[in-house]
Structures are given as structure tokens and as C-alpha cells.
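The block underneath contains the structure these notes are about, expressed in C-alpha cells.
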Amino acid sequence: MNTRDTTALDTQSAVGRSIAHESAHAQVAGAVDYIDDIPEIKGTLYAAPILSNVAHGTLNGVDTRAALAMPGVRDVVLAADIPGDKILAAFAHDEPIFAIDTVQHIGQVIGVVVADSVMQARRAARAVQLDITPLPAILSVKEALAAQSYVLPPVYVRRGDAASALARAAHRLQGQFEVGGQEHFYLEGQIAYALPLEQKQWWIYSSTQHPGELQHWVAHALGLENNAVRVECRRMGGGFGGKETQAGHLAVWAALAAHKTGQPVKLRLDRDDDFMVTGKRHPFEYAYDVGFDDTGRITGLQLQLAANCGFSADLSGPVADRAVFHSDNAYFLEDVDIASFRCKLHTQSHTAFRGFGGPQGVIAIEAILGDIARALKLDALDVRMRNLYGEHERNVTHYQMKVEDNILHDLMPQLEQSSRYRERQQAVAHWNAANPVIKRGLAITPVKFGISFTATLFNQAGALVNVYTDGSVQVNHGGTEMGQGLHTKVAQIVADELGVPFERVIVTASDTSKVPNASATAASSGTDLNGRAAQFAARNIRDNLASYVCGLDAVGAGAVEFAGGKIITPKRTRDWNDVVKEAYANRIQLWSDGFYRTPKIHYDKTTLTGRPFYYFAYGAACSEVAIDTLTGESRVLAVDILHDVGRSINPAIDIGQIEGGFVQGMGWLTTEQLVWNSDGLLTTHAPSTYKIPATGDIPAHFKIDFWHEANREDNVGGSKAVGEPPFMLAISVYEALRNAVAAARDAAPEPGQEAAPVVLHAPATAENVLHALGRIDRVGRVSSD
């Protein structure tokens with residue numbers, strides 16, 4: 001096309017379309033590579049971990065003779081074999097790479113066995129004899145609080161005078177409850193493949209959400225500079241936060257084994273060992289004292305959050321901080337006193353998990369509001385609406401951030417109408433009156449989730465975009481793909497910025513040698529950060545081409561358009577491929593980097609005040625449940641969700657994230673129970689004893705709608721983050737279950753007494769539901785009633 005003829009020009013944008021995940025077809029066909037699929041270098045050896053069998057004790061010695069005598073065993077690697085620092089390069093510097101003189105939990109890695117095959121290594125690891133003198137172990141949050149056993153000092157956030165507000169409150173309630181942890185249960189387990197290269201250089205393949213940190217950890221352990229270590233990750237088979245720090249351990253262990261043997265080493269944990277070694281979502285225990293008026297509006301609150309952090313700090317500081325930040329959820333707390341305890345126990349060191357402490361904060365205030373509503377015999381939705389942040393007043397959080405983009409005053413009534421909440425509440429009441437065994441509950445809960453890393457320095461990203469002489473485009477950025485569609489969205493953004501079809505753009509493996517110092521793909525900020533960085537890189541190339549073309553046509557650069565694989569000026573329309581070839585011939589740069597840092601944010605970590613978040617993502621869910629009061633079994637019957645994704649970059653991917661996040665949250669609160677015995681052994685360490693949601697757990701009615709408004713902040717494409725916020729919508733299931741329990745208990749109150757408060761410890765397993773009903777106690781004995 002040599003003249004300006006645009007009648008047949010396809011200018012459809014890639015952004016805003018439900019384009020299939022960039023690897024979906026190949027994944028279904030089994031034609032993509034995960035770390036364990038990479039062809040192995042000749043001489044590759046295999047490692048397996050030696051695990052502590054004591055929760056806390058003095059490590060007197062490690063007898064490796066039997067293991068070394070087994071067929072195929074090459075070596076054993078222990079703390080003494082570490083050439084660099086024997087402590088992991090984590091910020092708290094409190095976690096040994098291998099146990100040195102003490103063990104801190106059952107499953108702590110003491111060393112690795114290296115052998116010619118996977119099974120030879122695993123069998124030999126179990127043959128290693130450990131000499132450990134047991135020491136007293138702290139195995140509960142209550143014990144940790146009593147002993148003041150903390151991985152980090154307690155944190156207090158206060159506004160106003162909560163004690164005085166409580167003293168003068170019209171009504172007052174106190175309560176305590178517990179919420180359990182959660183296993184990440186990624187489909188692809190933890191794995192690393194370490195290849196020693198020439199001149200003390202290393203190539204590490206890892207299933208990791210944070211290649212940059214992993215690079216630093218490996219270099220630190222080997223006593224090298226970061227530039228000697230290259231980390232690559234094309235994709236993960238799931239992460240959910242469990243491969244943010246935890247993947248770094250495996251990479252370090254594999255690299256140390258490769259260093260000692262001088263050969264490539266692969267380390268892949270089997271599922272049982274993965275459970276035993278890696279951290280989980282932090283379990284929390286809560287205690288609250290709340291004052292409120294006759295309408296249910298909170299007038300004063302004292303809240304204690306006690307996090308089970310395990311034996312080391314890991315990411316417990318920022319996780320517990322975010323729980324503090326989100327303990328308001330969507331509600332204004334005027335006089336509030338929050339105490340956050342980061343408890344040290346002799347269990348696995350707990351770590352990041354989708355929501356990163358946010359769910360543990362949100363569920364606290366939602367449970368409190370549910371208790372207030374039942375105490376006043378009011379509808380809980382009305383109580384929640386009365387407590388929402390205002391638009392022009394009552395709009396500053398307890399950490400001093402102004403809420404400027406609140407849409408819940410409009411969003412929640414819309415969901416109330418579309419879900420027929422009032423009508424269904426009446427139907428539930430009629431059902432419960434007529435059915436003595438099966439009781440139903442219904443609840444709407446909102447979410448207001450802050451988007452950005454609370455550690456301000458991580459809110460930056462880089463990207464590299466290459467345009468080749470045939471017009472094809474390659475993108476590399478600092479984010480990682482774990483199935484969430486990040487690479488797909490970034491490719492859509494770059495395609496639109498250059499005006500080329502989506503199919504002309506590919507995204508390559510995350511690689512520390514291409515984009516250095518990248519932040520973790522976490523905090524729901526993968527697209528916000530890396531998409532904008534890639535957009536800026538592509539914009540630089542577009543500007544180079546625009547300058548070249550405007551010189552040819554003697555027009556201003558602003559008059560040049562890029563769309564449909566064409567470059568258009570008021571005088572002429574040219575094919576993208578032709579312009580790229582001509583630009584190369586005229587020595588125009590066809591590649592560029594891009595960098596983005598999140599604006600407006602600031603945060604004082606010593607006082608936990610400031611603006612830690614660029615914006616908030618909102619949503620609400622209406623869930624209906626049923627419980628069997630004889631067995632404690634429960635089922636989620638129906639879910640309606642109205643969620644705020646801004647202007648969606650890829651609606652199909654966003655719906656998938658909302659569905660997956662909600663179901664994962666539902667699992668956390670209903671079936672996924674972690675149990676440690678009195679010796680500190682995690683007894684739920686396999687699919688046979690730990691239940692994630694299955695297809696049969698999906699509600700028959702599962703409806704998702706998007707809120708119609710674009711992001712009010714200048715975010716890429718007008719979009720909003722969608723990875724973590726939907727997880728907290730599942731708290732509506734928990735509140736619906738508590739309402740069903742209340743309905744069962746209210747059916748037969750004690751003579752002359754009001755119904756007792758509902759204490760439902762999560763997850764709401766059959767046992768915990770029966771306990772909430774008063775049918776059994778916490779150790780499973782049948783009540784005399």
C-alpha cells in the first residue's frame with residue numbers, strides 16, 4: 001500500500017480482547033518445557049535433602065557412612081562445604097542454608113545427598129544417621145506469646161484513643177478465633193538445575209517467582225559476585241507466592257552440590273518433602289474488643305493479630321505488616337489500636353501466599369462486623385454499608401493513606417440487586433425455619449486491596465524489546481510467568497504500542513542476564529510494573545520509527561500513526577515490515593529498554609504510615625452455603641461476584657484469575673487444614689491428608705461480572721491488578737457459614753438466654769463446624785448435649 005488508503009485497515013487493538021494464553025495450546029499438547037523437561041547436560045547428578053526428624057534440638061553429628069556406601073551415591077554436602085556465607089542472604093540473616101549446630105523444625109534441611117539417579121539420592125538421604133539432642137519446642141502461638149518468642153519485634157499501629165472509645169461505647173463485644181495456614185500445592189513442585197560454567201560462572205534454571213533474589217542468594221552462598229550467576233525461568237507450573245523465597249533455597253542447595261562435585265546437579269523435591277520443607281500461608285490467631293453504636297457502626301476497636309511465622313523471619317515482616325494494613329478492609333476505623341505479633345515457632349518458616357497477609361487482615365474485620373450484626377439482630381450487609389469508607393469524609397486509613405477511589409458505595413448495591421440478596425435472605429430464613437438438619441447461610445462481603453509492594457523499593461521494573469528486520473518482535477521483562485497470563489498481557493500491550501498484530505510478538509524466558517535486579521512477580525503488580533516497562537521500551541522504538549518516517553514525508557512526528565501492521569502519515573500508508581527494513585538500512589535503532597517506577601507511593605516502615613499503595617482494587621461477593629448440622633459437612637451452593645479490574649487488558653484471563661482466586665480462598669477457609677502433632681510433625685503432608693478444592697466443590701451457580709469503570713490512576717491500559725484481590729472474596733463463604741451456624745444455634749437457644757456468639761475456627765472443616773455448633777469440643781469428643 002503506497003498511498004494513504006486505510007479502508008481495509010484492521011486496527012483492532014490487542015488490549016481488551018480475550019486472547020488465549022500465549023502458551024495454552026502448547027501446554028495442553030504437552031509441548032512446553034518446565035524445568036524438569038529441559039534436556040540434561042552430560043554428567044548431570046541428582047540431589048535429595050537430608051531432613052531433621054526433631055522439631056528443636058542440638059545437632060551433634062551427621063553420620064553419612066551408610067549413605068555413601070549405597071550404589072550410585074557420589075557425595076554428601078553439609079554446612080561445612082559452603083564456600084560463602086553459611087546463612088542465606090535473606091534480609092533478616094537468620095536462616096542457615098543447612099542446619100549448623102541446631103535444628104529448628106522437623107523437615108529442616110541438614111544437607112543433600114548427590115547421586116547418579118533421583119531415587120538413589122532419595123534412598124541414600126534417608127539412610128543418613130542424625131545425632132540430635134532434643135530441646136524444648138514451641139509449637140503453638142499461645143506458647144510463643146507466653147514466652148515472647150518472636151522472629152521480629154511486635155508492631156503497634158494506633159489512631160485516636162481506642163480505650164476511651166471502648167469505655168464510652170453504646171455496645172461492646174469481645175472475641176477470639178483462629179485461621180489456619182495453607183499449602184501452596186502448585187502443580188509443579190520446587191525444582192532447580194544448577195550448571196557450573198567456565199571461569200566460576202553459573203547458569204541456574206529455577207521454577208522461581210524472583211530470579212533476581214535467587215541470583216543474589218546463589219552468588220552469596222558461593223562467595224561470588226552477582227554477575228557470575230545467571231538465572232532463567234521460562235514458566236512455572238504454579239507459584240502462588242510459594243516460589244518467591246522458597247525457590248531460592250533449592251537453587252542454593254543445588255548450586256552447592258554442583259560446586260562440590262564439579263558437575264551439573266538437579267534437585268526436585270517430591271511432594272511429601274515439599275510439604276515438610278517449605279513454608280505455608282501464615283496461620284493467625286485473633287483477639288478483639290470492639291465498641292459500636294445502635295446501627296452497628298464501629299466506634300472503637302482493639303485488635304490483636306498473632307502470626308505463626310515458623311522458625312525464621314523469611315517474609316513474615318511484610319506479610320504481618322500487610323495484615324495490619326488490611327485489617328480495616330473497606331471500613332473506616334476512627335479510634336483503633338492494632339497489635340501485631342510475629343511469633344517464632346519450631347515449624348516450617350512460613351512465607352508469601354496469594355494475598356500476602358491481606359486475607360488474614362480482611363477476615364478479622366469481616367468476622368467482627370458479622371458478630372456485631374448478629375448481636376444487634378441486623379442484616380450484616382446493612383452493617384457493612386454503614387461502616388464503609390466515605391467518599392469525602394471518613395476516608396483516611398489507620399495508616400494515614402487517603403482513600404480517593406472508593407467505588408464500593410455503588411458496587412455493593414449493584415451486587416445486592418443483581419444477586420437478589422434481599423429476596424434470597426428471606427428464602428434462606430424460610431428454609432431454615434422448615435429444615436431442622438440442613439441449615440443455609442448467605443453473606444455479601446467486599447474487598448478493598450492495596451496494590452503495590454509495601455516495600456517501596458520493589459515497585460520498579462525493566463524490560464527489553466527487540467524488533468527484528470523481518471518485523472517480528474521479541475520482549476523480555478523482569479516478571480515471571482506462573483500460569484497467570486502475565487506474558488500474554490505484556491505481549492498485548494507491546495503489540496498495541498507498535499501497532500502490530502499480537503501474533504508478531506513473543507515473550508522470552510525471564511533471565512537475569514537480560515533484565516537485572518528485577519523484583520519478584522508478586523503483590524499483584526506483575527502487569528502494572530512489567531507491562532508498563534515493556535510499553536515504554538516499545539514506545540522508544542516507535543518514536544525512532546516515527547522520526548524516520550516523518551522525515552521521509554515532511555510531517556510532524558505526532559502525525560504518524562501505528563495500527564494494523566501499518567505506519568500511517570497524512571501523506572502515505574506504509575507496511576510495518578517495509579519500514580522496519582528501511583529503518584535498519586538507515587541505521588535506526590530497533591531495540592530499546594524500558595523502565596518504570598510506580599508514582600505517588602511513600603511509606604515509613606518504622607511507623608507503618610504513608611501511602612504504600614498506588615491504588616485499591618475493589619470487589620464484592622455474595623455466597624450461599626448449606627451445612628449439615630449432624631455431620632458438620634458443608635457445601636457452597638451459589639456465588640455471585642462483581643469485581644473491579646479497571647479496563648481489562650484480557651477479560652478471559654481476568655475471569656480465570658477471579659475464578660481461581662476465589663476457589664483457592666474457598667479452600668483456605670473450608671477444607672485445607674494443616675495439622676502438626678505434639679512432636680511438631682506436619683501430619684497433613686500429602687494429597688491423601690490435605691484437601692484442596694476439586695471440581696465437585698465448585699458451586700453450581702458461579703457468576704462473575706466486571707465493574708464498568710477504568711482505573712482512576714494512570715495505570716497501564718486503565719487496568720487494575722487482579723491476581724490477589726479475588727482471593728479475599730471467598731471470605732463471603734466463611735461469613736455465610738457462620739450465618740448458617742447461627743441459624744442452627746438460634747433454633748434452640750438456652751432458656752432465657754440469647755444465642756451464644758459464633759466461634760468458627762477456619763478452615764470450616766466438618767469438625768470445626770460441629771465445634772461451632774456446640775456438638776463436639778476441639779479434640780473431637782461428642783458433646784453431652
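Letters A, B, ... go to the chains of the C-alpha cells in the order shown; residues in each chain start at 1; ligands are counted from 1 in the same order.
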Give me, as CSV, each residue of stretch 444-504 of chain A that comes within 12 Å of stretch 24-43 of chain A, together with its shortest interatomic pair and the distance in Å at one decimal, counting only C-alpha atoms, with rows ordered by chain and rising residue number.
residue,atom,partner,partner_atom,distance
A:Glu481,CA,A:Tyr34,CA,11.3
A:Met482,CA,A:Tyr34,CA,10.6
A:Gly483,CA,A:Ala24,CA,9.1
A:Gln484,CA,A:Ala24,CA,11.1
A:Gly485,CA,A:Ala24,CA,9.5
A:His487,CA,A:Ala24,CA,11.6
A:Thr488,CA,A:Ala24,CA,10.1
What are the closest atom pairs, with distances in Å to one decimal, for each residue of stretch 293-394 of chain A lying within 10 Å of stretch 241-245 of chain A, using only C-alpha atoms, rows by chain and rising residue number, as JSON lines?
{"residue": "A:Asp314", "atom": "CA", "partner": "A:Thr245", "partner_atom": "CA", "distance": 7.6}
{"residue": "A:Leu315", "atom": "CA", "partner": "A:Thr245", "partner_atom": "CA", "distance": 8.0}
{"residue": "A:His350", "atom": "CA", "partner": "A:Gly242", "partner_atom": "CA", "distance": 9.4}
{"residue": "A:Thr351", "atom": "CA", "partner": "A:Gly242", "partner_atom": "CA", "distance": 7.0}
{"residue": "A:Ala352", "atom": "CA", "partner": "A:Gly241", "partner_atom": "CA", "distance": 4.7}
{"residue": "A:Phe353", "atom": "CA", "partner": "A:Gly241", "partner_atom": "CA", "distance": 4.3}
{"residue": "A:Arg354", "atom": "CA", "partner": "A:Gly241", "partner_atom": "CA", "distance": 5.8}
{"residue": "A:Gly355", "atom": "CA", "partner": "A:Gly241", "partner_atom": "CA", "distance": 8.7}
{"residue": "A:Phe356", "atom": "CA", "partner": "A:Gly241", "partner_atom": "CA", "distance": 7.8}
Based on the selection just made, write N, CA, C and O atoms of those residues as a PDB file, in the first residue's frame.
ATOM      1  N   ASP A 314      11.942 -14.998  57.246  1.00  0.00           N
ATOM      2  CA  ASP A 314      11.538 -15.105  55.848  1.00  0.00           C
ATOM      3  C   ASP A 314      10.840 -13.793  55.446  1.00  0.00           C
ATOM      4  O   ASP A 314      11.418 -12.724  55.589  1.00  0.00           O
ATOM      5  N   LEU A 315       9.585 -13.860  54.990  1.00  0.00           N
ATOM      6  CA  LEU A 315       8.832 -12.664  54.611  1.00  0.00           C
ATOM      7  C   LEU A 315       7.775 -12.298  55.653  1.00  0.00           C
ATOM      8  O   LEU A 315       6.837 -11.550  55.353  1.00  0.00           O
ATOM      9  N   HIS A 350       7.119 -19.865  57.637  1.00  0.00           N
ATOM     10  CA  HIS A 350       6.020 -19.526  56.733  1.00  0.00           C
ATOM     11  C   HIS A 350       6.394 -18.337  55.851  1.00  0.00           C
ATOM     12  O   HIS A 350       7.278 -17.544  56.166  1.00  0.00           O
ATOM     13  N   THR A 351       5.674 -18.218  54.742  1.00  0.00           N
ATOM     14  CA  THR A 351       6.175 -17.379  53.665  1.00  0.00           C
ATOM     15  C   THR A 351       5.034 -16.708  52.914  1.00  0.00           C
ATOM     16  O   THR A 351       3.890 -16.697  53.374  1.00  0.00           O
ATOM     17  N   ALA A 352       5.347 -16.164  51.755  1.00  0.00           N
ATOM     18  CA  ALA A 352       4.345 -15.486  50.937  1.00  0.00           C
ATOM     19  C   ALA A 352       3.286 -16.473  50.463  1.00  0.00           C
ATOM     20  O   ALA A 352       3.584 -17.632  50.167  1.00  0.00           O
ATOM     21  N   PHE A 353       2.056 -16.013  50.375  1.00  0.00           N
ATOM     22  CA  PHE A 353       0.980 -16.760  49.741  1.00  0.00           C
ATOM     23  C   PHE A 353      -0.010 -15.733  49.216  1.00  0.00           C
ATOM     24  O   PHE A 353      -0.231 -14.704  49.839  1.00  0.00           O
ATOM     25  N   ARG A 354      -0.596 -16.015  48.099  1.00  0.00           N
ATOM     26  CA  ARG A 354      -1.544 -15.127  47.420  1.00  0.00           C
ATOM     27  C   ARG A 354      -2.346 -14.266  48.409  1.00  0.00           C
ATOM     28  O   ARG A 354      -3.078 -14.763  49.251  1.00  0.00           O
ATOM     29  N   GLY A 355      -2.161 -12.980  48.307  1.00  0.00           N
ATOM     30  CA  GLY A 355      -2.770 -12.035  49.241  1.00  0.00           C
ATOM     31  C   GLY A 355      -1.797 -11.502  50.262  1.00  0.00           C
ATOM     32  O   GLY A 355      -1.988 -10.433  50.811  1.00  0.00           O
ATOM     33  N   PHE A 356      -0.739 -12.297  50.554  1.00  0.00           N
ATOM     34  CA  PHE A 356       0.430 -11.838  51.309  1.00  0.00           C
ATOM     35  C   PHE A 356       0.062 -11.166  52.627  1.00  0.00           C
ATOM     36  O   PHE A 356       0.490 -10.070  52.932  1.00  0.00           O
TER      37      PHE A 356
END
> Using only C-alpha atoms, which residues sit within 7 Å of stretch 438-453 of chain A once same-chain residues fewer than 5 positions away are excluded, as a ChimeraX atom specification?
Replying inline: /A:329-330,381,425,428,432,458-459,523-525,612-629,725,728-729,731-732,735-737,739-740,743-744
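When the distance limit is 6 Å and only C-alpha atoms are what count, the residues near stretch 50-57 of chain A, minus those fewer than 2 positions from it on the same chain, are Thr102, Val103, Gln104, His105, Ile106, Gly107, Gln108, Val109, Ile110, Gly111, Val112, Ala125, Ile132, Thr133, Pro134, Leu135, Ala137, His346 and Gly680 of chain A.
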> When you draw a straight line from atom CA of A:Leu197 to atom CA of A:Ala228, how long is it in Å?
Replying inline: 9.4 Å
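Closest to A:Ser316 among A:Cys343, A:Leu770, A:Ala638, A:Met666 is A:Cys343, based on only C-alpha atoms.
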Wanna dump the stretch 255-285 of chain A-stretch 295-307 of chain A contacts at 9 Å for me, each residue with its shortest atom pair and the distance in Å to one decimal, counting only C-alpha atoms, ordered by chain and number, as CSV?
residue,atom,partner,partner_atom,distance
A:His282,CA,A:Ala307,CA,6.2
A:Pro283,CA,A:Ala307,CA,6.0
A:Phe284,CA,A:Ala307,CA,4.6
A:Glu285,CA,A:Ala306,CA,5.2
Since we have the selection now, will you write its residues out, keeping N, CA and C atoms, as a short mmCIF file (atom, residue, chain, number, x, y, z; two decimals), in the first residue's frame?
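This is the output file result07.cif:
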data_model
loop_
_atom_site.label_atom_id
_atom_site.label_comp_id
_atom_site.auth_asym_id
_atom_site.auth_seq_id
_atom_site.Cartn_x
_atom_site.Cartn_y
_atom_site.Cartn_z
N HIS A 282 0.74 -17.99 56.51
CA HIS A 282 0.85 -17.82 57.96
C HIS A 282 -0.50 -18.08 58.64
N PRO A 283 -0.57 -19.06 59.56
CA PRO A 283 -1.76 -19.14 60.42
C PRO A 283 -1.79 -17.93 61.35
N PHE A 284 -3.00 -17.47 61.68
CA PHE A 284 -3.17 -16.31 62.56
C PHE A 284 -4.13 -16.66 63.70
N GLU A 285 -3.91 -16.02 64.83
CA GLU A 285 -4.87 -16.05 65.92
C GLU A 285 -5.24 -14.61 66.27
#
